[in-house]
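Shown below: my_file03.csv, with CSV, C-alpha atoms.
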chain,number,residue,atom,x,y,z
M,1,MET,CA,-123.8,46.8,45.6
M,2,SER,CA,-120.3,47.4,46.8
M,3,ARG,CA,-120.2,51.1,45.7
M,4,GLU,CA,-123.5,51.6,47.6
M,5,ARG,CA,-121.9,50.1,50.7
M,6,LEU,CA,-118.9,52.4,50.2
M,7,ALA,CA,-121.1,55.5,50.0
M,8,LEU,CA,-123.2,54.4,53.0
M,9,GLY,CA,-119.9,53.9,54.9
M,10,PHE,CA,-118.7,57.4,54.0
M,11,GLY,CA,-122.1,58.9,54.9
M,12,LEU,CA,-122.3,57.2,58.3
M,13,LEU,CA,-118.7,58.1,59.2
M,14,GLY,CA,-119.4,61.7,58.2
M,15,ILE,CA,-122.6,61.8,60.3
M,16,ALA,CA,-120.8,60.3,63.3
M,17,LEU,CA,-117.9,62.8,63.1
M,18,LEU,CA,-120.4,65.7,62.7
M,19,GLY,CA,-122.2,64.6,65.8
M,20,TRP,CA,-119.0,64.3,67.8
M,21,GLY,CA,-117.5,67.6,66.5
M,22,SER,CA,-120.8,69.5,67.1
M,23,TYR,CA,-121.0,68.1,70.6
M,24,LEU,CA,-117.5,69.3,71.4
M,25,GLY,CA,-118.2,72.7,69.8
M,26,LEU,CA,-121.5,73.3,71.6
M,27,PHE,CA,-120.7,71.9,75.0
M,28,VAL,CA,-117.0,71.4,75.6
M,29,ALA,CA,-115.1,74.2,73.8
M,30,PRO,CA,-114.9,77.5,75.7
M,31,PRO,CA,-117.0,80.5,74.6
M,32,ASP,CA,-115.1,83.3,72.8
M,33,ARG,CA,-113.9,86.2,75.0
M,34,TYR,CA,-115.9,88.7,73.0
M,35,MET,CA,-118.4,86.8,70.9
M,36,GLY,CA,-119.5,84.5,73.8
M,37,ASP,CA,-121.5,81.5,73.0
M,38,VAL,CA,-122.5,82.9,69.6
M,39,GLN,CA,-119.0,82.0,68.3
M,40,ARG,CA,-120.0,78.3,68.4
M,41,ILE,CA,-121.7,78.9,65.0
M,42,MET,CA,-118.1,78.8,63.6
M,43,TYR,CA,-118.0,75.0,64.0
M,44,VAL,CA,-120.6,74.6,61.3
M,45,HIS,CA,-120.1,77.8,59.3
M,46,VAL,CA,-116.4,77.3,58.5
M,47,PRO,CA,-116.6,73.6,57.4
M,48,THR,CA,-119.7,74.5,55.3
M,49,ALA,CA,-117.7,77.3,53.6
M,50,TRP,CA,-114.7,75.1,53.0
M,51,LEU,CA,-116.8,72.3,51.5
M,52,ALA,CA,-118.9,74.7,49.4
M,53,LEU,CA,-115.7,75.9,47.7
M,54,VAL,CA,-114.3,72.4,47.4
M,55,VAL,CA,-117.6,71.1,45.8
M,56,PHE,CA,-117.7,74.0,43.3
M,57,THR,CA,-114.0,73.4,42.4
M,58,LEU,CA,-115.1,69.8,41.8
M,59,ALA,CA,-117.9,71.0,39.6
M,60,PHE,CA,-115.4,72.9,37.5
M,61,ILE,CA,-113.1,69.9,37.2
M,62,TYR,CA,-116.0,67.6,36.2
M,63,ALA,CA,-117.2,70.2,33.6
M,64,VAL,CA,-113.7,70.3,32.0
M,65,LEU,CA,-113.5,66.5,32.1
M,66,PHE,CA,-116.9,66.2,30.4
M,67,LEU,CA,-115.9,68.7,27.6
M,68,VAL,CA,-112.6,66.8,27.1
M,69,HIS,CA,-113.7,63.2,27.4
M,70,ARG,CA,-117.4,63.5,26.5
M,71,SER,CA,-118.4,60.8,29.0
M,72,TRP,CA,-121.8,60.8,30.8
M,73,ARG,CA,-120.0,59.8,34.0
M,74,TRP,CA,-118.5,63.3,34.3
M,75,ASP,CA,-121.9,64.9,33.5
M,76,ALA,CA,-123.6,63.0,36.3
M,77,LEU,CA,-120.8,64.0,38.7
M,78,HIS,CA,-121.1,67.6,37.4
M,79,GLU,CA,-124.8,67.7,38.1
M,80,ALA,CA,-124.3,66.2,41.6
M,81,SER,CA,-121.7,68.7,42.6
M,82,LEU,CA,-123.7,71.7,41.3
M,83,GLU,CA,-126.7,70.7,43.4
M,84,ILE,CA,-124.7,70.0,46.6
M,85,GLY,CA,-122.7,73.2,46.1
M,86,VAL,CA,-125.8,75.3,45.9
M,87,LEU,CA,-127.3,73.5,48.9
M,88,PHE,CA,-124.1,74.2,51.0
M,89,THR,CA,-123.9,77.8,49.8
M,90,GLY,CA,-127.5,78.4,50.8
M,91,LEU,CA,-126.9,77.0,54.2
M,92,LEU,CA,-123.7,79.1,54.4
M,93,CYS,CA,-125.6,82.3,53.9
M,94,ILE,CA,-128.2,81.4,56.6
M,95,GLN,CA,-125.5,80.4,59.1
M,96,GLY,CA,-123.6,83.6,58.3
M,97,ALA,CA,-126.7,85.8,58.8
M,98,LEU,CA,-127.4,84.2,62.2
M,99,TRP,CA,-123.8,84.8,63.2
M,100,GLY,CA,-123.7,88.3,61.7
M,101,LYS,CA,-126.8,89.7,63.5
M,102,PRO,CA,-125.5,89.4,67.1
M,103,THR,CA,-121.9,90.2,66.3
M,104,TRP,CA,-121.9,92.8,63.4
M,105,GLY,CA,-125.4,94.1,64.2
M,106,VAL,CA,-126.7,93.2,60.8
M,107,TYR,CA,-127.9,90.0,59.1
M,108,TRP,CA,-126.4,91.0,55.8
M,109,ALA,CA,-124.1,93.7,54.3
M,110,TRP,CA,-123.0,94.0,50.7
M,111,ASP,CA,-119.3,93.7,51.6
M,112,PRO,CA,-116.9,92.0,49.2
M,113,ARG,CA,-117.1,88.5,50.8
M,114,LEU,CA,-120.9,88.4,51.0
M,115,THR,CA,-121.3,90.0,47.6
M,116,THR,CA,-119.0,87.4,45.9
M,117,VAL,CA,-120.8,84.6,47.7
M,118,ALA,CA,-124.2,85.9,46.6
M,119,VAL,CA,-122.8,86.0,43.0
M,120,MET,CA,-121.6,82.4,43.4
M,121,LEU,CA,-125.0,81.2,44.8
M,122,LEU,CA,-127.0,82.9,42.0
M,123,SER,CA,-124.7,81.9,39.1
M,124,PHE,CA,-124.7,78.2,40.1
M,125,THR,CA,-128.4,78.2,40.9
M,126,GLY,CA,-128.9,79.6,37.4
M,127,ILE,CA,-126.8,76.8,35.9
M,128,LEU,CA,-129.0,74.2,37.8
M,129,SER,CA,-132.2,75.7,36.4
M,130,LEU,CA,-130.6,75.9,32.9
M,131,ARG,CA,-130.1,72.1,33.2
M,132,HIS,CA,-133.7,71.7,34.3
M,133,PHE,CA,-135.0,73.5,31.2
M,134,LEU,CA,-132.8,71.8,28.6
M,135,ASP,CA,-134.4,68.5,27.5
M,136,ASP,CA,-131.7,67.2,25.1
M,137,PRO,CA,-129.1,65.5,27.4
M,138,LEU,CA,-126.1,66.3,25.2
M,139,ARG,CA,-127.0,70.0,24.9
M,140,ARG,CA,-127.8,70.1,28.7
M,141,ALA,CA,-124.4,68.6,29.5
M,142,SER,CA,-122.3,70.8,27.2
M,143,TRP,CA,-124.1,74.1,27.9
M,144,SER,CA,-124.0,73.6,31.6
M,145,ALA,CA,-120.4,72.6,31.5
M,146,ALA,CA,-119.4,75.7,29.6
M,147,THR,CA,-121.4,78.0,32.0
M,148,THR,CA,-119.9,76.2,35.0
M,149,ILE,CA,-116.4,77.0,33.7
M,150,LEU,CA,-117.4,80.7,33.4
M,151,ALA,CA,-119.0,80.9,36.8
M,152,SER,CA,-115.9,79.2,38.4
M,153,ALA,CA,-113.8,82.3,37.8
M,154,ASN,CA,-115.6,83.7,40.8
M,155,VAL,CA,-114.8,80.8,43.2
M,156,PRO,CA,-111.2,81.8,44.0
M,157,VAL,CA,-112.4,85.5,44.2
M,158,VAL,CA,-114.7,84.4,47.0
M,159,TYR,CA,-111.8,82.9,48.9
M,160,TYR,CA,-109.4,85.9,48.4
M,161,SER,CA,-112.1,88.7,48.7
M,162,VAL,CA,-111.3,89.3,52.4
M,163,ARG,CA,-107.6,89.8,51.6
M,164,TRP,CA,-108.0,91.9,48.5
M,165,TRP,CA,-110.6,94.4,49.7
M,166,ASN,CA,-111.8,96.1,52.8
M,167,SER,CA,-114.6,93.9,54.2
M,168,LEU,CA,-116.8,93.5,57.2
M,169,HIS,CA,-116.2,89.8,57.1
M,170,GLN,CA,-113.0,88.7,59.0
M,171,LEU,CA,-109.9,87.1,57.4
M,172,GLN,CA,-109.4,83.4,57.3
M,173,SER,CA,-108.3,82.0,60.6
M,174,THR,CA,-105.2,80.0,61.1
M,175,PRO,CA,-104.4,77.6,64.0
M,176,LYS,CA,-102.4,80.5,65.5
M,177,THR,CA,-105.4,82.8,65.7
M,178,VAL,CA,-107.7,80.1,67.2
M,179,ASN,CA,-107.6,78.7,70.7
M,180,SER,CA,-106.4,75.1,70.6
M,181,SER,CA,-109.5,73.7,72.2
M,182,MET,CA,-111.5,75.4,69.5
M,183,VAL,CA,-109.4,73.9,66.7
M,184,GLU,CA,-110.4,70.3,67.5
M,185,PRO,CA,-114.2,70.5,67.0
M,186,LEU,CA,-113.6,72.6,63.8
M,187,ARG,CA,-111.3,69.9,62.3
M,188,ILE,CA,-113.6,67.0,63.3
M,189,ASN,CA,-116.7,68.8,61.8
M,190,ALA,CA,-114.7,69.6,58.6
M,191,PHE,CA,-113.7,66.0,58.1
M,192,GLY,CA,-117.2,64.9,59.0
M,193,LEU,CA,-118.8,67.2,56.4
M,194,LEU,CA,-116.1,66.1,53.8
M,195,PHE,CA,-117.0,62.4,54.2
M,196,LEU,CA,-120.7,63.2,54.1
M,197,THR,CA,-120.1,65.2,50.9
M,198,ILE,CA,-118.4,62.3,49.3
M,199,ALA,CA,-121.4,60.1,50.0
M,200,LEU,CA,-123.8,62.8,48.8
M,201,ILE,CA,-122.0,63.4,45.5
M,202,MET,CA,-121.8,59.6,44.8
M,203,ALA,CA,-125.5,59.1,45.5
M,204,ARG,CA,-126.7,62.2,43.6
M,205,SER,CA,-124.6,61.2,40.6
M,206,TRP,CA,-126.3,57.8,40.4
M,207,ILE,CA,-129.6,59.5,40.3
M,208,ALA,CA,-128.4,61.7,37.5
M,209,GLU,CA,-127.1,58.7,35.6
M,210,SER,CA,-130.3,56.7,35.9
M,211,ARG,CA,-132.4,59.7,34.8
M,212,ARG,CA,-130.2,60.1,31.8
M,213,ARG,CA,-130.5,56.4,30.9
M,214,LYS,CA,-134.3,56.7,31.2
M,215,ALA,CA,-134.3,59.6,28.9
M,216,MET,CA,-132.6,57.2,26.5
M,217,ALA,CA,-129.8,59.5,25.5
M,218,PRO,CA,-127.8,58.2,22.6
M,219,PRO,CA,-124.4,56.8,23.5
M,220,LEU,CA,-121.6,59.2,22.7
M,221,ALA,CA,-118.8,58.3,20.3
M,222,LYS,CA,-116.3,57.3,23.0
M,223,GLU,CA,-118.7,55.1,24.9
M,224,SER,CA,-120.1,53.2,21.9
M,225,SER,CA,-116.7,52.4,20.5
N,1,MET,CA,-121.2,97.9,77.2
N,2,SER,CA,-119.1,95.0,78.4
N,3,GLY,CA,-117.9,94.2,74.9
N,4,MET,CA,-118.8,90.5,75.3
N,5,ILE,CA,-122.0,89.1,73.9
N,6,GLN,CA,-124.3,87.7,76.6
N,7,GLY,CA,-126.5,84.8,75.7
N,8,GLY,CA,-127.4,84.5,72.0
N,9,TRP,CA,-127.9,80.7,72.2
N,10,GLU,CA,-131.1,81.1,70.0
N,11,PHE,CA,-128.8,82.1,67.1
N,12,VAL,CA,-126.6,79.1,67.8
N,13,TRP,CA,-129.5,76.6,67.9
N,14,ALA,CA,-131.1,78.2,64.8
N,15,ALA,CA,-127.9,77.8,62.8
N,16,TYR,CA,-127.3,74.2,63.9
N,17,GLY,CA,-131.0,73.3,63.6
N,18,ILE,CA,-131.4,74.7,60.1
N,19,THR,CA,-128.1,73.1,58.9
N,20,PHE,CA,-128.7,69.6,60.2
N,21,THR,CA,-132.4,69.5,59.5
N,22,THR,CA,-131.7,70.5,55.9
N,23,LEU,CA,-128.9,68.0,55.5
N,24,SER,CA,-131.1,65.2,57.0
N,25,LEU,CA,-133.9,66.1,54.6
N,26,TYR,CA,-131.5,66.1,51.6
N,27,CYS,CA,-130.1,62.7,52.6
N,28,PHE,CA,-133.6,61.3,53.0
N,29,SER,CA,-134.7,62.7,49.6
N,30,LEU,CA,-131.6,61.1,47.9
N,31,TRP,CA,-132.4,57.8,49.7
N,32,MET,CA,-136.0,57.9,48.4
N,33,ARG,CA,-135.0,58.9,44.9
N,34,LEU,CA,-132.5,56.0,44.7
N,35,ARG,CA,-135.1,53.5,46.0
N,36,ALA,CA,-137.6,54.8,43.4
N,37,ASP,CA,-135.0,54.4,40.6
N,38,LYS,CA,-134.3,50.8,41.7
N,39,ASN,CA,-137.9,49.7,41.8
N,40,GLU,CA,-138.7,50.8,38.3
N,41,PRO,CA,-136.1,49.3,35.9
U,1,MET,CA,-115.8,85.6,28.2
U,2,GLY,CA,-115.6,89.3,27.4
U,3,VAL,CA,-118.9,90.0,29.2
U,4,ALA,CA,-117.6,88.1,32.2
U,5,LEU,CA,-114.4,90.2,32.3
U,6,VAL,CA,-116.4,93.4,32.0
U,7,SER,CA,-118.8,92.4,34.8
U,8,MET,CA,-115.8,91.4,37.0
U,9,GLY,CA,-114.3,94.8,36.4
U,10,GLY,CA,-117.5,96.5,37.4
U,11,LEU,CA,-117.7,94.3,40.5
U,12,GLY,CA,-114.2,95.3,41.4
U,13,GLU,CA,-115.2,99.0,41.6
U,14,ASN,CA,-118.2,98.2,43.7
U,15,LEU,CA,-116.1,96.2,46.1
U,16,ILE,CA,-114.9,99.3,47.9
U,17,PHE,CA,-117.0,98.5,50.9
U,18,TYR,CA,-115.6,101.2,53.2
U,19,TRP,CA,-113.0,104.0,53.3
U,20,THR,CA,-110.4,104.1,56.1
U,21,PRO,CA,-110.2,107.5,57.8
U,22,THR,CA,-107.0,108.3,55.8
U,23,GLU,CA,-108.8,107.3,52.5
U,24,MET,CA,-111.8,109.4,53.4
U,25,LYS,CA,-109.6,112.4,54.1
U,26,ALA,CA,-107.8,111.9,50.8
U,27,ALA,CA,-111.1,111.7,48.9
U,28,GLY,CA,-111.7,115.4,49.7
U,29,GLU,CA,-114.8,116.8,48.2
U,30,LYS,CA,-116.1,113.4,47.1
U,31,ALA,CA,-116.5,112.3,50.7
U,32,TYR,CA,-119.2,115.0,51.5
U,33,GLY,CA,-122.9,114.6,51.1
U,34,ALA,CA,-123.3,111.1,49.8
U,35,THR,CA,-123.9,108.1,52.0
U,36,VAL,CA,-120.6,106.4,52.5
U,37,ARG,CA,-119.0,103.9,54.8
U,38,LEU,CA,-116.2,104.6,57.1
U,39,GLY,CA,-114.2,101.8,58.6
U,40,GLY,CA,-111.5,101.8,61.3
U,41,GLN,CA,-110.8,101.3,65.0
U,42,VAL,CA,-112.7,102.9,67.9
U,43,VAL,CA,-110.0,105.2,69.5
U,44,GLU,CA,-109.2,104.3,73.1
U,45,GLY,CA,-110.9,106.6,75.6
U,46,SER,CA,-113.0,108.4,73.0
U,47,ILE,CA,-116.4,106.8,73.7
U,48,GLU,CA,-118.9,109.2,75.2
U,49,ARG,CA,-122.4,108.0,76.0
U,50,ASP,CA,-125.3,110.2,77.0
U,51,GLU,CA,-127.6,107.7,78.8
U,52,LYS,CA,-130.6,109.9,78.7
U,53,SER,CA,-130.7,110.8,75.0
U,54,THR,CA,-129.2,107.5,73.6
U,55,LYS,CA,-126.6,109.7,71.9
U,56,LEU,CA,-123.3,108.0,71.3
U,57,SER,CA,-120.1,109.6,70.1
U,58,PHE,CA,-116.6,108.3,69.6
U,59,ARG,CA,-113.6,108.7,67.3
U,60,VAL,CA,-112.6,106.3,64.5
U,61,GLY,CA,-109.0,106.1,63.5
U,62,ASP,CA,-106.5,104.0,61.6
U,63,GLY,CA,-103.3,105.1,63.4
U,64,GLU,CA,-102.9,108.1,61.0
U,65,THR,CA,-106.2,109.9,60.7
U,66,GLN,CA,-109.2,110.2,63.0
U,67,PHE,CA,-112.8,111.2,62.5
U,68,PRO,CA,-115.3,112.1,65.2
U,69,VAL,CA,-118.6,110.1,64.8
U,70,ASP,CA,-122.1,110.7,66.1
U,71,ALA,CA,-124.4,107.8,66.4
U,72,GLN,CA,-127.9,107.1,67.9
U,73,GLY,CA,-129.3,104.2,69.8
U,74,MET,CA,-127.7,101.0,71.2
U,75,PRO,CA,-124.6,99.8,69.4
U,76,PRO,CA,-124.1,96.0,68.9
U,77,ALA,CA,-123.0,94.2,72.1
U,78,MET,CA,-119.4,93.8,71.1
U,79,PHE,CA,-118.9,97.6,70.7
U,80,ARG,CA,-116.0,98.7,72.8
U,81,GLU,CA,-112.7,100.6,72.7
U,82,LYS,CA,-110.2,99.5,70.1
U,83,ILE,CA,-112.6,97.3,68.2
U,84,GLY,CA,-113.0,97.5,64.4
U,85,VAL,CA,-116.2,99.2,63.2
U,86,VAL,CA,-117.8,100.0,59.8
U,87,ILE,CA,-120.2,103.0,59.9
U,88,GLU,CA,-122.7,103.9,57.2
U,89,GLY,CA,-123.5,107.6,57.1
U,90,THR,CA,-122.5,111.0,55.8
U,91,LEU,CA,-119.6,113.3,56.4
U,92,LEU,CA,-120.7,116.7,57.5
U,93,ARG,CA,-119.0,120.0,56.7
U,94,SER,CA,-118.2,120.3,60.4
U,95,GLY,CA,-115.9,117.4,59.9
U,96,ARG,CA,-118.0,115.1,62.0
U,97,PHE,CA,-119.4,111.8,60.6
U,98,ALA,CA,-123.1,111.3,61.2
U,99,SER,CA,-123.8,107.6,61.5
U,100,ASN,CA,-127.0,105.9,60.2
U,101,ARG,CA,-125.9,102.4,60.9
U,102,LEU,CA,-123.1,101.1,63.1
U,103,MET,CA,-121.6,97.7,62.4
U,104,VAL,CA,-119.0,96.0,64.5
U,105,LYS,CA,-116.2,94.0,62.9
U,106,HIS,CA,-114.7,91.0,64.6
U,107,ASP,CA,-111.2,89.7,63.7
U,108,ASN,CA,-110.1,86.2,63.0
U,109,GLU,CA,-108.9,85.6,66.6
U,110,TYR,CA,-110.9,83.2,68.7
U,111,ARG,CA,-109.9,83.1,72.3
U,112,ALA,CA,-111.4,81.8,75.6
U,113,PRO,CA,-112.5,84.5,78.1
U,114,GLY,CA,-109.6,85.9,80.1
U,115,GLU,CA,-107.1,84.5,77.6
U,116,GLU,CA,-104.7,87.0,76.1
U,117,ASP,CA,-103.3,86.3,72.6
U,118,VAL,CA,-101.4,83.4,74.0
U,119,ASP,CA,-102.5,79.8,73.5
U,120,THR,CA,-103.3,78.1,76.8
U,121,LYS,CA,-102.0,74.7,75.7
U,122,ALA,CA,-98.7,76.2,74.5
U,123,LEU,CA,-98.4,78.0,77.8
U,124,MET,CA,-99.0,74.7,79.7
U,125,LYS,CA,-96.2,73.2,77.7
U,126,THR,CA,-93.7,75.9,78.6
U,127,THR,CA,-94.6,75.7,82.3
U,128,GLU,CA,-94.5,71.9,82.4
U,129,GLY,CA,-90.8,71.8,83.1
U,130,LEU,CA,-91.1,74.4,85.8
U,131,ALA,CA,-93.8,72.4,87.6
U,132,ALA,CA,-91.7,69.3,87.8
U,133,PRO,CA,-89.9,68.9,91.2

Could you take the file, read its structure, and then write that structure out as structure tokens?
Amino acid sequence: MSRERLALGFGLLGIALLGWGSYLGLFVAPPDRYMGDVQRIMYVHVPTAWLALVVFTLAFIYAVLFLVHRSWRWDALHEASLEIGVLFTGLLCIQGALWGKPTWGVYWAWDPRLTTVAVMLLSFTGILSLRHFLDDPLRRASWSAATTILASANVPVVYYSVRWWNSLHQLQSTPKTVNSSMVEPLRINAFGLLFLTIALIMARSWIAESRRRKAMAPPLAKESS
Amino acid sequence: MSGMIQGGWEFVWAAYGITFTTLSLYCFSLWMRLRADKNEP
Amino acid sequence: MGVALVSMGGLGENLIFYWTPTEMKAAGEKAYGATVRLGGQVVEGSIERDEKSTKLSFRVGDGETQFPVDAQGMPPAMFREKIGVVIEGTLLRSGRFASNRLMVKHDNEYRAPGEEDVDTKALMKTTEGLAAP
């Protein structure tokens, strides 16, 4: 019961912060001098991007932990972070397209940032469907952990793509390049989405755990000892 | 050609709308799946 | 792992999204004919618009090299002097770049209208002492 209360607390805190930050971003922060009101998409787009990268980094860590410790706990967390990472990356592409059309003039361009994000979305979606098709829990856990480690090589490339190559997408912003009244809603939304993500990963991993138990997977060596 | 985008709130509402609707639906689906798991031991 | 490395290498080659004017000049013969992307800054005072025929011409430069560009139709709202652009099109033998698609880049600076590259709050702080009697 207590871990459920903890997740609920994180979730509600996250939702409250997202409400507050989005209110500031939509109605209080000034418009951008060139992008006008369209720039307000930044307050959801940038936190979504940060959290998508964080969640896929977690997926990598959980995949390594599963392969090292062979505990179902890490497999459940691995499954949770894969699904939530794919969800966030999907949202990221939609938000980016809606920001790109009025500013760049196009919804999508195959520039290095967008291409590497597309590779990230497709590879992790592929791993999720691989998990769906493998019935044996042990094989599902180890194969998907191995493929996650491979697909994770692309995650830092997504982050650095705008620095390494000529791109249409702009560089990462720093507090110096952002008006101070725009930094506040950005930070609040980032923390809001972080807390909500913690709650989502916890809840989704319990679902993965109970499914595995129902499939009556044999206990692994470590757990039975 | 002023160089500043005029209007465009429809893009802003679409981005926020899609993001928060999707997140709400996902939260709701997790809630329902957890409840279903609890009811059948 | 080997497959991953090879595909990453292939990706690296495809990641040349655009050439700067200097790179396009250096590419020589390779730049002609094929559809390529040219990226740079719209040169100050170079924008010429023919309102009747929706023809738009301007120069794109990177501080070193410039190319004259011919485009059609309405550019994105943010198009102006000194803004970054990426243009998809072909380099003609005449030395002019014929645009099929004009995309506008925006940098990572977010400022309120009328604000120069100075933060208003930081400015307030520096003037606080002056305002005191």

Report as a list in words the set of chain U residues whose atoms approach chain M to within 7 Å, with distances computed over all atoms listed in the file.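 Output check: Leu15, Ile16, Phe17, Tyr18, Pro76, Met78, Met103, Val104, Lys105, His106, Asp107, Asn108, Glu109, Tyr110, Arg111, Ala112, Pro113, Gly114, Asp119 and Lys121 of chain U.
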
List every protein, DNA or RNA residue that has at least one atom no more than 10 Å from (-127.9, 83.6, 68.3) in the file's coordinates, counting all atoms listed in the file, and write the result as a VMD selection string. (chain M and resid 37 to 41 97 to 103) or (chain N and resid 5 to 15)

How many Å lie between atom CA of Ala71 of chain U and atom CA of Lys25 of chain U, rounded to one decimal?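 Separating atom CA of Ala71 of chain U from atom CA of Lys25 of chain U is a distance of 19.8 Å.
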
Between U:Ala77, U:Ile83, U:Leu91, U:Ala98, single out the one closest to Gly3 of chain N, counting all atoms listed in the file. U:Ala77

Near Ala31 of chain U, counting only C-alpha atoms, which residues have an atom at most 12 Å away, once you skip same-chain residues fewer than 3 positions from it, shown as a list in words?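 Listing them by chain and then by number gives Tyr18, Trp19, Thr20, Pro21, Thr22, Glu23, Met24, Lys25, Ala26, Ala27, Gly28, Ala34, Thr35, Val36, Arg37, Leu38, Gly89, Thr90, Leu91, Leu92, Arg93, Gly95, Arg96 and Phe97 of chain U.
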
Distance atom CA of Ala199 of chain M-atom CA of Asp136 of chain M, one decimal place?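 For atom CA of Ala199 of chain M relative to atom CA of Asp136 of chain M, the distance reads 27.9 Å.
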
Nearest candidate to chain U (options N:Tyr26, N:Met4, N:Ala36, N:Tyr16; using all atoms listed in the file):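 Going through N:Tyr26, N:Met4, N:Ala36, N:Tyr16 one by one, the smallest distance to chain U is for N:Met4.
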
Length of the atom CA of Leu121 of chain M to atom CA of Ser142 of chain M vector [Å]: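 It comes out at 20.6 Å.
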
Counting only C-alpha atoms, give me one row per residue of segment 40-114 of chain M with an atom at most 10 Å from an atom of segment 187-190 of chain M, showing the shortest contact pair and its distance in Å to one decimal, sorted by chain then residue number, as a Markdown table.
| residue | atom | partner | partner_atom | distance |
| --- | --- | --- | --- | --- |
| M:Tyr43 | CA | M:Asn189 | CA | 6.7 |
| M:Val44 | CA | M:Asn189 | CA | 7.0 |
| M:His45 | CA | M:Ala190 | CA | 9.8 |
| M:Val46 | CA | M:Ala190 | CA | 7.9 |
| M:Pro47 | CA | M:Ala190 | CA | 4.6 |
| M:Thr48 | CA | M:Ala190 | CA | 7.7 |
| M:Ala49 | CA | M:Ala190 | CA | 9.7 |
| M:Trp50 | CA | M:Ala190 | CA | 7.8 |
| M:Leu51 | CA | M:Ala190 | CA | 7.9 |

Missing atoms in segment 114-127 of chain M: can you complete it with N, CA and C atoms, as a PDB file, in the frame of the given file?
ATOM      1  N   LEU M 114    -119.461  88.815  51.142  1.00  0.00           N
ATOM      2  CA  LEU M 114    -120.900  88.400  51.000  1.00  0.00           C
ATOM      3  C   LEU M 114    -121.381  88.634  49.603  1.00  0.00           C
ATOM      4  N   THR M 115    -120.893  89.695  48.940  1.00  0.00           N
ATOM      5  CA  THR M 115    -121.300  90.000  47.600  1.00  0.00           C
ATOM      6  C   THR M 115    -120.834  88.841  46.628  1.00  0.00           C
ATOM      7  N   THR M 116    -119.556  88.444  46.771  1.00  0.00           N
ATOM      8  CA  THR M 116    -119.000  87.400  45.900  1.00  0.00           C
ATOM      9  C   THR M 116    -119.715  86.057  46.151  1.00  0.00           C
ATOM     10  N   VAL M 117    -120.062  85.793  47.425  1.00  0.00           N
ATOM     11  CA  VAL M 117    -120.800  84.600  47.700  1.00  0.00           C
ATOM     12  C   VAL M 117    -122.180  84.590  47.126  1.00  0.00           C
ATOM     13  N   ALA M 118    -122.837  85.763  47.180  1.00  0.00           N
ATOM     14  CA  ALA M 118    -124.200  85.900  46.600  1.00  0.00           C
ATOM     15  C   ALA M 118    -124.093  85.646  45.069  1.00  0.00           C
ATOM     16  N   VAL M 119    -123.043  86.182  44.426  1.00  0.00           N
ATOM     17  CA  VAL M 119    -122.800  86.000  43.000  1.00  0.00           C
ATOM     18  C   VAL M 119    -122.656  84.459  42.726  1.00  0.00           C
ATOM     19  N   MET M 120    -121.879  83.804  43.591  1.00  0.00           N
ATOM     20  CA  MET M 120    -121.600  82.400  43.400  1.00  0.00           C
ATOM     21  C   MET M 120    -122.935  81.576  43.559  1.00  0.00           C
ATOM     22  N   LEU M 121    -123.743  81.911  44.558  1.00  0.00           N
ATOM     23  CA  LEU M 121    -125.000  81.200  44.800  1.00  0.00           C
ATOM     24  C   LEU M 121    -125.941  81.400  43.578  1.00  0.00           C
ATOM     25  N   LEU M 122    -126.069  82.652  43.126  1.00  0.00           N
ATOM     26  CA  LEU M 122    -127.000  82.900  42.000  1.00  0.00           C
ATOM     27  C   LEU M 122    -126.525  82.303  40.728  1.00  0.00           C
ATOM     28  N   SER M 123    -125.206  82.374  40.429  1.00  0.00           N
ATOM     29  CA  SER M 123    -124.700  81.900  39.100  1.00  0.00           C
ATOM     30  C   SER M 123    -124.918  80.333  39.077  1.00  0.00           C
ATOM     31  N   PHE M 124    -124.574  79.621  40.162  1.00  0.00           N
ATOM     32  CA  PHE M 124    -124.700  78.200  40.100  1.00  0.00           C
ATOM     33  C   PHE M 124    -126.171  77.716  40.191  1.00  0.00           C
ATOM     34  N   THR M 125    -127.013  78.496  40.884  1.00  0.00           N
ATOM     35  CA  THR M 125    -128.400  78.200  40.900  1.00  0.00           C
ATOM     36  C   THR M 125    -128.979  78.360  39.447  1.00  0.00           C
ATOM     37  N   GLY M 126    -128.490  79.384  38.760  1.00  0.00           N
ATOM     38  CA  GLY M 126    -128.900  79.600  37.400  1.00  0.00           C
ATOM     39  C   GLY M 126    -128.503  78.448  36.474  1.00  0.00           C
ATOM     40  N   ILE M 127    -127.302  77.892  36.691  1.00  0.00           N
ATOM     41  CA  ILE M 127    -126.800  76.800  35.900  1.00  0.00           C
ATOM     42  C   ILE M 127    -127.708  75.530  36.148  1.00  0.00           C
TER      43      ILE M 127
END
